[in-house]
$ cat model23.cif   # mmCIF, C-alpha atoms and all ligand atoms
data_coords
loop_
_atom_site.group_PDB
_atom_site.id
_atom_site.type_symbol
_atom_site.label_atom_id
_atom_site.label_comp_id
_atom_site.auth_asym_id
_atom_site.auth_seq_id
_atom_site.Cartn_x
_atom_site.Cartn_y
_atom_site.Cartn_z
ATOM 1 C CA MET A 216 39.736 6.893 -15.083
ATOM 2 C CA ALA A 217 39.184 8.715 -11.812
ATOM 3 C CA ASN A 218 41.862 8.811 -9.100
ATOM 4 C CA ASP A 219 43.704 6.103 -11.053
ATOM 5 C CA LYS A 220 40.762 3.714 -10.576
ATOM 6 C CA VAL A 221 39.134 1.933 -13.501
ATOM 7 C CA ILE A 222 35.462 2.894 -13.656
ATOM 8 C CA LEU A 223 34.452 1.271 -16.935
ATOM 9 C CA ARG A 224 36.137 -1.003 -19.471
ATOM 10 C CA GLY A 225 35.482 -0.831 -23.208
ATOM 11 C CA ARG A 226 36.789 -1.885 -26.599
ATOM 12 C CA HIS A 227 37.992 0.910 -28.856
ATOM 13 C CA ARG A 228 36.055 0.785 -32.148
ATOM 14 C CA ARG A 229 36.649 3.616 -34.619
ATOM 15 C CA TYR A 230 35.638 6.783 -32.735
ATOM 16 C CA LEU A 231 33.797 5.035 -29.887
ATOM 17 C CA TYR A 232 34.463 2.921 -26.845
ATOM 18 C CA VAL A 233 32.010 0.001 -26.677
ATOM 19 C CA LEU A 234 31.421 -0.644 -22.998
ATOM 20 C CA GLU A 235 31.780 -4.118 -21.562
ATOM 21 C CA GLY A 236 29.976 -5.300 -18.447
ATOM 22 C CA SER A 237 28.759 -2.879 -15.814
ATOM 23 C CA THR A 238 30.347 -0.270 -13.560
ATOM 24 C CA ILE A 239 33.081 -1.611 -11.287
ATOM 25 C CA CYS A 240 33.115 1.122 -8.694
ATOM 26 C CA GLY A 241 32.056 4.717 -8.240
ATOM 27 C CA GLU A 242 28.911 6.763 -7.901
ATOM 28 C CA ALA A 243 26.756 4.969 -10.464
ATOM 29 C CA HIS A 244 26.235 2.055 -8.079
ATOM 30 C CA VAL A 245 25.295 4.317 -5.179
ATOM 31 C CA THR A 246 22.787 6.213 -7.326
ATOM 32 C CA ALA A 247 21.128 2.990 -8.482
ATOM 33 C CA SER A 248 20.638 1.680 -4.969
ATOM 34 C CA GLN A 249 19.181 5.013 -3.846
ATOM 35 C CA GLU A 250 16.735 4.924 -6.724
ATOM 36 C CA GLU A 251 15.802 1.402 -5.709
ATOM 37 C CA MET A 252 15.312 2.611 -2.149
ATOM 38 C CA ALA A 253 13.050 5.433 -3.366
ATOM 39 C CA LEU A 254 11.036 2.936 -5.397
ATOM 40 C CA LEU A 255 10.801 0.604 -2.388
ATOM 41 C CA TRP A 256 9.398 3.433 -0.247
ATOM 42 C CA HIS A 257 7.069 4.473 -3.086
ATOM 43 C CA ARG A 258 5.655 0.912 -3.035
ATOM 44 C CA ARG A 259 5.502 0.665 0.752
ATOM 45 C CA LEU A 260 3.558 3.942 0.780
ATOM 46 C CA GLY A 261 0.990 2.628 -1.695
ATOM 47 C CA HIS A 262 2.407 4.421 -4.772
ATOM 48 C CA MET A 263 2.547 7.790 -3.073
ATOM 49 C CA SER A 264 3.149 10.849 -5.276
ATOM 50 C CA LYS A 265 6.717 12.156 -5.689
ATOM 51 C CA LYS A 266 5.671 15.409 -4.020
ATOM 52 C CA GLY A 267 4.243 13.570 -1.003
ATOM 53 C CA MET A 268 7.426 11.498 -0.677
ATOM 54 C CA GLU A 269 9.528 14.643 -0.819
ATOM 55 C CA VAL A 270 7.633 16.096 2.161
ATOM 56 C CA LEU A 271 8.279 12.953 4.246
ATOM 57 C CA TYR A 272 11.887 12.664 3.054
ATOM 58 C CA LYS A 273 12.656 16.251 4.131
ATOM 59 C CA GLN A 274 11.395 15.411 7.627
ATOM 60 C CA ASP A 275 13.679 12.348 7.646
ATOM 61 C CA LEU A 276 10.727 10.022 8.240
ATOM 62 C CA LEU A 277 11.630 7.368 5.656
ATOM 63 C CA SER A 278 14.492 5.273 7.005
ATOM 64 C CA GLY A 279 17.445 4.730 4.650
ATOM 65 C CA LEU A 280 16.207 7.180 2.028
ATOM 66 C CA LYS A 281 18.902 9.612 0.868
ATOM 67 C CA SER A 282 17.078 11.044 -2.144
ATOM 68 C CA SER A 283 13.453 11.367 -3.134
ATOM 69 C CA LYS A 284 14.311 11.030 -6.816
ATOM 70 C CA LEU A 285 11.806 8.553 -8.169
ATOM 71 C CA GLU A 286 12.162 6.550 -11.347
ATOM 72 C CA PHE A 287 9.301 5.564 -13.639
ATOM 73 C CA CYS A 288 6.690 3.294 -12.033
ATOM 74 C CA GLU A 289 4.644 1.265 -14.497
ATOM 75 C CA HIS A 290 2.042 0.369 -11.857
ATOM 76 C CA CYS A 291 1.237 4.066 -11.337
ATOM 77 C CA VAL A 292 0.356 4.205 -15.034
ATOM 78 C CA PHE A 293 -1.843 1.095 -14.689
ATOM 79 C CA GLY A 294 -3.578 2.688 -11.707
ATOM 80 C CA LYS A 295 -3.878 6.045 -13.553
ATOM 81 C CA HIS A 296 -2.448 7.641 -10.457
ATOM 82 C CA LYS A 297 -1.418 11.203 -11.223
ATOM 83 C CA ARG A 298 1.797 11.678 -9.283
ATOM 84 C CA SER A 299 1.592 15.461 -9.398
ATOM 85 C CA ALA A 300 -1.870 15.637 -7.832
ATOM 86 C CA PHE A 301 -2.318 14.906 -4.169
ATOM 87 C CA GLY A 302 -4.660 16.103 -1.488
ATOM 88 C CA PHE A 303 -8.186 17.313 -1.788
ATOM 89 C CA GLU A 304 -10.231 20.494 -1.801
ATOM 90 C CA ILE A 305 -9.657 23.646 0.236
ATOM 91 C CA HIS A 306 -9.805 23.108 3.957
ATOM 92 C CA ARG A 307 -12.790 24.531 5.868
ATOM 93 C CA SER A 308 -13.309 22.969 9.316
ATOM 94 C CA THR A 309 -11.447 24.256 12.334
ATOM 95 C CA LYS A 310 -12.063 21.422 14.820
ATOM 96 C CA VAL A 311 -11.335 17.706 14.524
ATOM 97 C CA LEU A 312 -14.885 16.445 15.009
ATOM 98 C CA GLU A 313 -16.694 19.185 13.135
ATOM 99 C CA TYR A 314 -17.985 17.069 10.270
ATOM 100 C CA ALA A 315 -17.164 14.295 7.852
ATOM 101 C CA HIS A 316 -17.918 13.563 4.226
ATOM 102 C CA SER A 317 -19.062 10.137 3.109
ATOM 103 C CA ASN A 318 -19.581 8.229 -0.081
ATOM 104 C CA VAL A 319 -20.695 4.697 -1.014
ATOM 105 C CA TRP A 320 -18.756 3.011 -3.785
ATOM 106 C CA SER A 321 -20.980 1.559 -6.506
ATOM 107 C CA LYS A 322 -21.205 -2.244 -6.570
ATOM 108 C CA SER A 323 -17.869 -3.970 -7.113
ATOM 109 C CA PRO A 324 -17.559 -5.912 -10.399
ATOM 110 C CA ILE A 325 -16.695 -8.948 -8.258
ATOM 111 C CA PRO A 326 -17.221 -9.761 -4.558
ATOM 112 C CA SER A 327 -14.210 -9.558 -2.274
ATOM 113 C CA HIS A 328 -12.699 -12.845 -1.092
ATOM 114 C CA SER A 329 -14.970 -12.698 1.941
ATOM 115 C CA GLY A 330 -18.088 -11.841 -0.069
ATOM 116 C CA LYS A 331 -18.293 -8.037 0.329
ATOM 117 C CA GLU A 332 -19.614 -6.027 -2.609
ATOM 118 C CA TYR A 333 -19.584 -2.398 -1.448
ATOM 119 C CA TYR A 334 -17.577 -0.080 0.667
ATOM 120 C CA ILE A 335 -18.488 3.163 2.359
ATOM 121 C CA SER A 336 -15.831 5.766 3.060
ATOM 122 C CA PHE A 337 -15.805 8.573 5.604
ATOM 123 C CA ILE A 338 -13.395 11.492 5.558
ATOM 124 C CA ASN A 339 -13.135 13.894 8.448
ATOM 125 C CA ASP A 340 -13.138 17.407 7.035
ATOM 126 C CA TYR A 341 -10.676 18.976 9.465
ATOM 127 C CA SER A 342 -7.939 16.329 9.465
ATOM 128 C CA ARG A 343 -8.801 14.506 6.192
ATOM 129 C CA TYR A 344 -8.575 11.266 8.212
ATOM 130 C CA VAL A 345 -10.196 8.385 6.322
ATOM 131 C CA TRP A 346 -12.187 5.302 7.385
ATOM 132 C CA VAL A 347 -13.562 2.585 5.134
ATOM 133 C CA TYR A 348 -16.165 -0.075 5.947
ATOM 134 C CA PHE A 349 -16.986 -3.043 3.752
ATOM 135 C CA LEU A 350 -20.570 -4.172 3.166
ATOM 136 C CA HIS A 351 -22.261 -7.306 1.832
ATOM 137 C CA HIS A 352 -25.292 -5.299 0.694
ATOM 138 C CA LYS A 353 -25.979 -1.664 0.072
ATOM 139 C CA SER A 354 -28.775 -1.898 2.658
ATOM 140 C CA GLU A 355 -26.114 -2.146 5.396
ATOM 141 C CA GLU A 356 -25.071 1.411 4.592
ATOM 142 C CA GLY A 357 -27.583 2.858 7.067
ATOM 143 C CA ILE A 358 -26.198 0.695 9.885
ATOM 144 C CA THR A 359 -22.641 1.821 9.196
ATOM 145 C CA ARG A 360 -23.700 5.457 9.090
ATOM 146 C CA HIS A 361 -25.580 5.040 12.343
ATOM 147 C CA LEU A 362 -22.364 3.753 13.939
ATOM 148 C CA THR A 363 -20.496 6.786 12.701
ATOM 149 C CA THR A 364 -22.250 9.744 14.238
ATOM 150 C CA PHE A 365 -20.614 12.550 12.314
ATOM 151 C CA TYR A 366 -21.202 12.788 8.601
ATOM 152 C CA THR A 367 -22.901 14.831 5.965
ATOM 153 C CA PRO A 368 -25.351 12.598 4.130
ATOM 154 C CA GLU A 369 -25.098 14.283 0.760
ATOM 155 C CA GLN A 370 -22.423 13.131 -1.625
ATOM 156 C CA ASN A 371 -19.853 15.764 -2.264
ATOM 157 C CA GLY A 372 -16.612 16.614 -3.996
ATOM 158 C CA VAL A 373 -14.294 15.762 -1.100
ATOM 159 C CA ALA A 374 -15.657 12.223 -0.628
ATOM 160 C CA GLU A 375 -15.789 11.571 -4.356
ATOM 161 C CA GLN A 376 -12.205 12.711 -4.785
ATOM 162 C CA LEU A 377 -11.199 10.492 -1.882
ATOM 163 C CA ASN A 378 -12.781 7.482 -3.586
ATOM 164 C CA ARG A 379 -10.927 8.301 -6.791
ATOM 165 C CA THR A 380 -7.629 8.498 -4.890
ATOM 166 C CA LEU A 381 -8.370 5.256 -3.028
ATOM 167 C CA LEU A 382 -9.141 3.389 -6.239
ATOM 168 C CA GLU A 383 -6.192 4.785 -8.203
ATOM 169 C CA ARG A 384 -3.685 3.850 -5.543
ATOM 170 C CA ALA A 385 -5.427 0.507 -4.877
ATOM 171 C CA ARG A 386 -5.225 -0.371 -8.600
ATOM 172 C CA SER A 387 -1.482 0.398 -8.623
ATOM 173 C CA MET A 388 -0.903 -1.771 -5.547
ATOM 174 C CA LEU A 389 -2.991 -4.629 -6.915
ATOM 175 C CA SER A 390 -1.115 -4.403 -10.230
ATOM 176 C CA HIS A 391 2.269 -4.563 -8.512
ATOM 177 C CA SER A 392 1.257 -7.379 -6.152
ATOM 178 C CA SER A 393 -0.266 -9.612 -8.855
ATOM 179 C CA LEU A 394 -2.952 -10.614 -6.371
ATOM 180 C CA PRO A 395 -6.309 -11.451 -8.000
ATOM 181 C CA PRO A 396 -9.018 -8.750 -7.998
ATOM 182 C CA GLU A 397 -10.927 -10.608 -5.240
ATOM 183 C CA PHE A 398 -8.462 -8.863 -2.927
ATOM 184 C CA TRP A 399 -9.917 -5.424 -3.721
ATOM 185 C CA ALA A 400 -11.225 -4.953 -0.159
ATOM 186 C CA GLU A 401 -7.825 -5.777 1.384
ATOM 187 C CA VAL A 402 -6.097 -3.372 -0.971
ATOM 188 C CA VAL A 403 -8.658 -0.554 -0.491
ATOM 189 C CA ASN A 404 -8.339 -0.962 3.272
ATOM 190 C CA THR A 405 -4.541 -0.766 3.041
ATOM 191 C CA THR A 406 -4.802 2.258 0.749
ATOM 192 C CA ALA A 407 -7.005 4.077 3.280
ATOM 193 C CA TYR A 408 -4.419 3.298 5.976
ATOM 194 C CA LEU A 409 -1.674 4.762 3.765
ATOM 195 C CA VAL A 410 -3.732 7.814 2.694
ATOM 196 C CA ASN A 411 -3.854 8.725 6.396
ATOM 197 C CA LEU A 412 -0.044 8.664 6.410
ATOM 198 C CA SER A 413 0.266 10.771 3.236
ATOM 199 C CA PRO A 414 0.912 14.523 3.207
ATOM 200 C CA CYS A 415 -2.241 16.288 2.068
ATOM 201 C CA SER A 416 -2.271 19.691 0.351
ATOM 202 C CA ALA A 417 -5.680 20.557 1.857
ATOM 203 C CA VAL A 418 -4.098 20.543 5.342
ATOM 204 C CA GLN A 419 -0.831 22.375 4.568
ATOM 205 C CA LEU A 420 1.084 19.177 3.683
ATOM 206 C CA LYS A 421 0.476 17.632 7.087
ATOM 207 C CA THR A 422 -0.711 14.039 7.276
ATOM 208 C CA PRO A 423 -4.280 13.207 8.384
ATOM 209 C CA PHE A 424 -2.705 10.883 10.986
ATOM 210 C CA GLU A 425 -0.828 13.695 12.770
ATOM 211 C CA LEU A 426 -3.869 15.968 12.814
ATOM 212 C CA TRP A 427 -6.132 13.205 14.117
ATOM 213 C CA HIS A 428 -3.748 11.549 16.613
ATOM 214 C CA LYS A 429 -1.662 14.660 17.369
ATOM 215 C CA ARG A 430 1.652 12.863 16.802
ATOM 216 C CA VAL A 431 3.871 12.135 13.819
ATOM 217 C CA PRO A 432 3.238 8.653 12.368
ATOM 218 C CA ASN A 433 5.869 5.928 12.453
ATOM 219 C CA TYR A 434 6.622 4.674 8.952
ATOM 220 C CA SER A 435 9.070 1.943 9.966
ATOM 221 C CA ARG A 436 6.498 -0.870 10.013
ATOM 222 C CA LEU A 437 5.327 -0.284 6.434
ATOM 223 C CA ARG A 438 5.969 -3.082 3.953
ATOM 224 C CA VAL A 439 5.202 -3.601 0.255
ATOM 225 C CA PHE A 440 1.635 -4.836 -0.230
ATOM 226 C CA GLY A 441 1.532 -8.409 -1.568
ATOM 227 C CA CYS A 442 5.160 -9.253 -0.769
ATOM 228 C CA VAL A 443 6.374 -12.554 0.679
ATOM 229 C CA ALA A 444 6.235 -12.795 4.469
ATOM 230 C CA TYR A 445 7.582 -15.476 6.782
ATOM 231 C CA ALA A 446 5.682 -15.882 10.034
ATOM 232 C CA HIS A 447 6.888 -17.846 13.026
ATOM 233 C CA THR A 448 4.813 -20.979 13.672
ATOM 234 C CA PRO A 449 4.105 -21.451 17.391
ATOM 235 C CA ARG A 450 5.596 -24.596 18.955
ATOM 236 C CA GLU A 451 2.162 -26.103 19.639
ATOM 237 C CA ASN A 452 1.297 -25.970 15.930
ATOM 238 C CA ARG A 453 4.341 -27.864 14.658
ATOM 239 C CA THR A 454 6.272 -31.055 15.279
ATOM 240 C CA LYS A 455 10.001 -31.178 15.991
ATOM 241 C CA LEU A 456 10.703 -31.755 12.293
ATOM 242 C CA ASP A 457 8.390 -29.063 10.898
ATOM 243 C CA PRO A 458 9.923 -25.746 9.817
ATOM 244 C CA LYS A 459 9.757 -23.020 12.466
ATOM 245 C CA ALA A 460 8.289 -20.507 10.015
ATOM 246 C CA LYS A 461 5.754 -20.563 7.192
ATOM 247 C CA LYS A 462 5.566 -18.577 3.965
ATOM 248 C CA TRP A 463 2.643 -16.185 3.552
ATOM 249 C CA TYR A 464 1.738 -13.087 1.537
ATOM 250 C CA PHE A 465 1.333 -9.700 3.191
ATOM 251 C CA ILE A 466 -2.140 -8.245 2.551
ATOM 252 C CA GLY A 467 -2.385 -5.290 4.922
ATOM 253 C CA TYR A 468 -2.382 -3.911 8.438
ATOM 254 C CA GLN A 469 -4.734 -5.058 11.169
ATOM 255 C CA GLN A 470 -6.696 -2.220 12.677
ATOM 256 C CA GLY A 471 -6.304 -1.667 16.416
ATOM 257 C CA VAL A 472 -3.316 -4.000 16.858
ATOM 258 C CA LYS A 473 0.243 -3.943 15.551
ATOM 259 C CA GLY A 474 -0.140 -7.149 13.541
ATOM 260 C CA TYR A 475 0.189 -7.790 9.834
ATOM 261 C CA ARG A 476 -2.565 -9.519 7.837
ATOM 262 C CA LEU A 477 -1.068 -12.517 6.079
ATOM 263 C CA TRP A 478 -2.582 -14.859 3.549
ATOM 264 C CA ASP A 479 -1.672 -18.402 2.576
ATOM 265 C CA PRO A 480 -2.798 -19.118 -1.008
ATOM 266 C CA VAL A 481 -2.336 -22.889 -0.703
ATOM 267 C CA ASP A 482 -4.459 -23.447 2.412
ATOM 268 C CA CYS A 483 -6.582 -20.298 1.718
ATOM 269 C CA LYS A 484 -6.023 -19.139 5.264
ATOM 270 C CA LEU A 485 -5.715 -15.649 6.722
ATOM 271 C CA ILE A 486 -3.860 -14.867 9.950
ATOM 272 C CA VAL A 487 -2.797 -11.777 11.851
ATOM 273 C CA ASN A 488 0.772 -11.994 13.133
ATOM 274 C CA ARG A 489 3.361 -9.642 14.616
ATOM 275 C CA ASP A 490 6.372 -11.929 14.372
ATOM 276 C CA VAL A 491 7.055 -11.578 10.640
ATOM 277 C CA SER A 492 10.100 -11.373 8.333
ATOM 278 C CA PHE A 493 9.552 -9.938 4.867
ATOM 279 C CA ASN A 494 11.059 -10.366 1.442
ATOM 280 C CA GLU A 495 9.761 -7.209 -0.215
ATOM 281 C CA ALA A 496 11.402 -8.018 -3.545
ATOM 282 C CA ARG A 497 9.219 -11.115 -3.995
ATOM 283 C CA SER A 498 5.515 -11.281 -4.715
ATOM 284 C CA LEU A 499 3.001 -13.615 -6.295
ATOM 285 C CA LYS A 500 4.618 -13.223 -9.701
ATOM 286 C CA GLU A 501 6.798 -16.168 -8.679
ATOM 287 C CA GLY A 502 4.609 -18.827 -10.185
ATOM 288 C CA ARG A 503 1.734 -19.044 -12.594
ATOM 289 C CA LYS A 504 0.777 -22.426 -11.133
ATOM 290 C CA LEU A 505 0.264 -20.841 -7.726
ATOM 291 C CA MET A 506 -1.725 -18.017 -9.300
ATOM 292 C CA LEU A 507 -4.149 -20.480 -10.928
ATOM 293 C CA LEU A 508 -4.535 -22.237 -7.598
ATOM 294 C CA ILE A 509 -5.444 -18.955 -5.964
ATOM 295 C CA LEU A 510 -7.965 -17.995 -8.613
ATOM 296 C CA THR A 511 -9.771 -21.311 -8.319
ATOM 297 C CA ARG A 512 -9.725 -21.460 -4.546
ATOM 298 C CA ALA A 513 -10.222 -17.824 -3.522
ATOM 299 C CA SER A 514 -13.969 -17.945 -4.154
ATOM 300 C CA LEU A 515 -14.434 -21.076 -2.019
ATOM 301 C CA THR A 516 -13.119 -19.606 1.177
ATOM 302 C CA HIS A 517 -15.552 -16.930 2.309
ATOM 303 C CA ARG A 518 -16.612 -18.705 5.506
ATOM 304 C CA GLU A 519 -13.070 -19.680 6.443
ATOM 305 C CA LEU A 520 -11.828 -16.128 6.384
ATOM 306 C CA ARG A 521 -12.709 -13.524 8.911
ATOM 307 C CA GLY A 522 -12.642 -9.811 8.233
ATOM 308 C CA ARG A 523 -12.759 -8.546 4.675
HETATM 309 ZN ZN ZN B 601 3.908 3.551 -8.484
#

$ encode --input "model23.cif" --output "structure tokens" --more "lines below"
Ligand SMILES: [Zn+2]
Amino acid sequence: MANDKVILRGRHRRYLYVLEGSTICGEAHVTASQEEMALLWHRRLGHMSKKGMEVLYKQDLLSGLKSSKLEFCEHCVFGKHKRSAFGFEIHRSTKVLEYAHSNVWSKSPIPSHSGKEYYISFINDYSRYVWVYFLHHKSEEGITRHLTTFYTPEQNGVAEQLNRTLLERARSMLSHSSLPPEFWAEVVNTTAYLVNLSPCSAVQLKTPFELWHKRVPNYSRLRVFGCVAYAHTPRENRTKLDPKAKKWYFIGYQQGVKGYRLWDPVDCKLIVNRDVSFNEARSLKEGRKLMLLILTRASLTHRELRGR
């Protein structure tokens, strides 16, 4: 009893009260929803470390979050993401464009859903800002490097550590989303986007985004990778009796525009759309039948899909 209100009910058995049902009122409920909120933000941020989330929480950048207390995340274990470790080596550069590190990922065990087998990453030394490019063949590496004028050709610790971070967080996101591994390029691209929004110890817990763009990033558009998304169907693409929206799955952020990349597993179609409603509690785990459909059809769609 607290303030004459019943908090819990239970049957008296010998020396114990056996509790019945769940809490009726009180703080327990509030705590649970805050933990859920922390977990939601942890997923939106691509399984960011607790320490990184704390930095953003203290700056009041994560809407609705009242505590950075994070409960156990199984997908972090699957991704072997060490929550305590974040950020890279000691910072050296003093200007934004001074130099970048780069690294080519060894051949993927399977091609991406658009046929890419490699990716090359660049990390700007001063800001720790990250870019990733996806390649069909390793021979394209030279072309990508030519396009990016600032890099150090030798492989080094910073770039290798970046690739480890990218893959650990990408594995956690893929595990949580239940998307097939053919989506590795989408998830690595999303991870790079989120790494740029993550506090980094090498740059005094600032984010690469704020050092590169000279403004604090906006976290409000982040959503859980792989969740259900409903996109408005334009009038010209539907009849009067067709639904006004269609169900998709969210597979990342489109570079250069404010749109979301959405995927339809039934028609194997990818779109970029801004007019989207999300159900972040739902993902592909909904149906095994749908999953089998995806696995059989994902490899047939390379030419239909643009981008990754
Ligand atoms: Zn996690």

$ resolve_selection --input "model23.cif" --expression "the PyMOL selection byres (((chain A and resi 446) around 12) and not hetatm)" --output "count of residues only"
30

$ resolve_selection --input "model23.cif" --expression "the PyMOL selection byres (((not hetatm)) within 9 of (chain B and resi 601))" --output "list in words"
Leu254, His257, Arg258, Gly261, His262, Met263, Ser264, Phe287, Cys288, Glu289, His290, Cys291, Val292, Phe293, Gly294, His296, Arg298, Arg384, Ser387, Met388 and His391 of chain A

$ atom_distance --input "model23.cif" --atom1 "CA of Gly372 in chain A" --atom2 "CA of His316 in chain A"
8.9 Å

$ closest_residue --input "model23.cif" --among "A:Trp399, A:Ala385, A:Tyr468, A:Leu409" --to "Glu332 in chain A" --atoms "only C-alpha atoms"
A:Trp399

$ resolve_selection --input "model23.cif" --expression "the PyMOL selection byres (((chain A and resi 334) around 7) and not hetatm)" --output "list of chain:residue names"
A:Val319, A:Trp320, A:Tyr333, A:Ile335, A:Ser336, A:Val347, A:Tyr348, A:Phe349, A:Leu350

$ atom_distance --input "model23.cif" --atom1 "CA of Pro395 in chain A" --atom2 "CA of Asn378 in chain A"
20.5 Å

$ axis_aligned_box --input "model23.cif" --around "range 382-390 of chain A" --padding-each-side "8 Å" --output "JSON"
{"center_x": -5.0, "center_y": 0.1, "center_z": -7.6, "size_x": 24.2, "size_y": 25.4, "size_z": 21.4}

$ residues_around --input "model23.cif" --residues "Ala496 in chain A" --least-positions-apart "5" --cutoff "9 Å" --atoms "all atoms listed in the file" --output "VMD selection string"
chain A and resid 255 439 442 to 443

$ closest_residue --input "model23.cif" --among "A:Ala400, A:Pro423, A:Lys353, A:Ser327" --to "Leu381 in chain A" --atoms "all atoms listed in the file"
A:Ala400

$ closest_residue --input "model23.cif" --among "A:Arg379, A:Lys455, A:Lys331, A:Arg343" --to "Leu420 in chain A" --atoms "all atoms listed in the file"
A:Arg343

$ atom_distance --input "model23.cif" --atom1 "CA of Ser416 in chain A" --atom2 "CA of Ser392 in chain A"
28.1 Å

$ closest_residue --input "model23.cif" --among "A:Glu286, A:Glu269, A:Glu251, A:Glu401" --to "Ser329 in chain A" --atoms "all atoms listed in the file"
A:Glu401

$ residues_around --input "model23.cif" --residues "Leu271 in chain A" --least-positions-apart "3" --cutoff "12 Å" --atoms "only C-alpha atoms" --output "PDB file with C-alpha atoms, keeping the file's coordinate frame"
ATOM      1  CA  ALA A 253      13.050   5.433  -3.366  1.00  0.00           C
ATOM      2  CA  TRP A 256       9.398   3.433  -0.247  1.00  0.00           C
ATOM      3  CA  HIS A 257       7.069   4.473  -3.086  1.00  0.00           C
ATOM      4  CA  LEU A 260       3.558   3.942   0.780  1.00  0.00           C
ATOM      5  CA  MET A 263       2.547   7.790  -3.073  1.00  0.00           C
ATOM      6  CA  SER A 264       3.149  10.849  -5.276  1.00  0.00           C
ATOM      7  CA  LYS A 265       6.717  12.156  -5.689  1.00  0.00           C
ATOM      8  CA  LYS A 266       5.671  15.409  -4.020  1.00  0.00           C
ATOM      9  CA  GLY A 267       4.243  13.570  -1.003  1.00  0.00           C
ATOM     10  CA  MET A 268       7.426  11.498  -0.677  1.00  0.00           C
ATOM     11  CA  GLN A 274      11.395  15.411   7.627  1.00  0.00           C
ATOM     12  CA  ASP A 275      13.679  12.348   7.646  1.00  0.00           C
ATOM     13  CA  LEU A 276      10.727  10.022   8.240  1.00  0.00           C
ATOM     14  CA  LEU A 277      11.630   7.368   5.656  1.00  0.00           C
ATOM     15  CA  SER A 278      14.492   5.273   7.005  1.00  0.00           C
ATOM     16  CA  LEU A 280      16.207   7.180   2.028  1.00  0.00           C
ATOM     17  CA  LYS A 281      18.902   9.612   0.868  1.00  0.00           C
ATOM     18  CA  SER A 282      17.078  11.044  -2.144  1.00  0.00           C
ATOM     19  CA  SER A 283      13.453  11.367  -3.134  1.00  0.00           C
ATOM     20  CA  LEU A 412      -0.044   8.664   6.410  1.00  0.00           C
ATOM     21  CA  SER A 413       0.266  10.771   3.236  1.00  0.00           C
ATOM     22  CA  PRO A 414       0.912  14.523   3.207  1.00  0.00           C
ATOM     23  CA  CYS A 415      -2.241  16.288   2.068  1.00  0.00           C
ATOM     24  CA  LEU A 420       1.084  19.177   3.683  1.00  0.00           C
ATOM     25  CA  LYS A 421       0.476  17.632   7.087  1.00  0.00           C
ATOM     26  CA  THR A 422      -0.711  14.039   7.276  1.00  0.00           C
ATOM     27  CA  VAL A 431       3.871  12.135  13.819  1.00  0.00           C
ATOM     28  CA  PRO A 432       3.238   8.653  12.368  1.00  0.00           C
ATOM     29  CA  ASN A 433       5.869   5.928  12.453  1.00  0.00           C
ATOM     30  CA  TYR A 434       6.622   4.674   8.952  1.00  0.00           C
TER      31      TYR A 434
END

$ closest_residue --input "model23.cif" --among "A:Asn404, A:Gln419, A:Ser342, A:Ser323" --to "Val270 in chain A" --atoms "only C-alpha atoms"
A:Gln419

$ closest_residue --input "model23.cif" --among "A:Asn452, A:Glu495, A:Ile466, A:Trp427" --to "Phe398 in chain A" --atoms "only C-alpha atoms"
A:Ile466
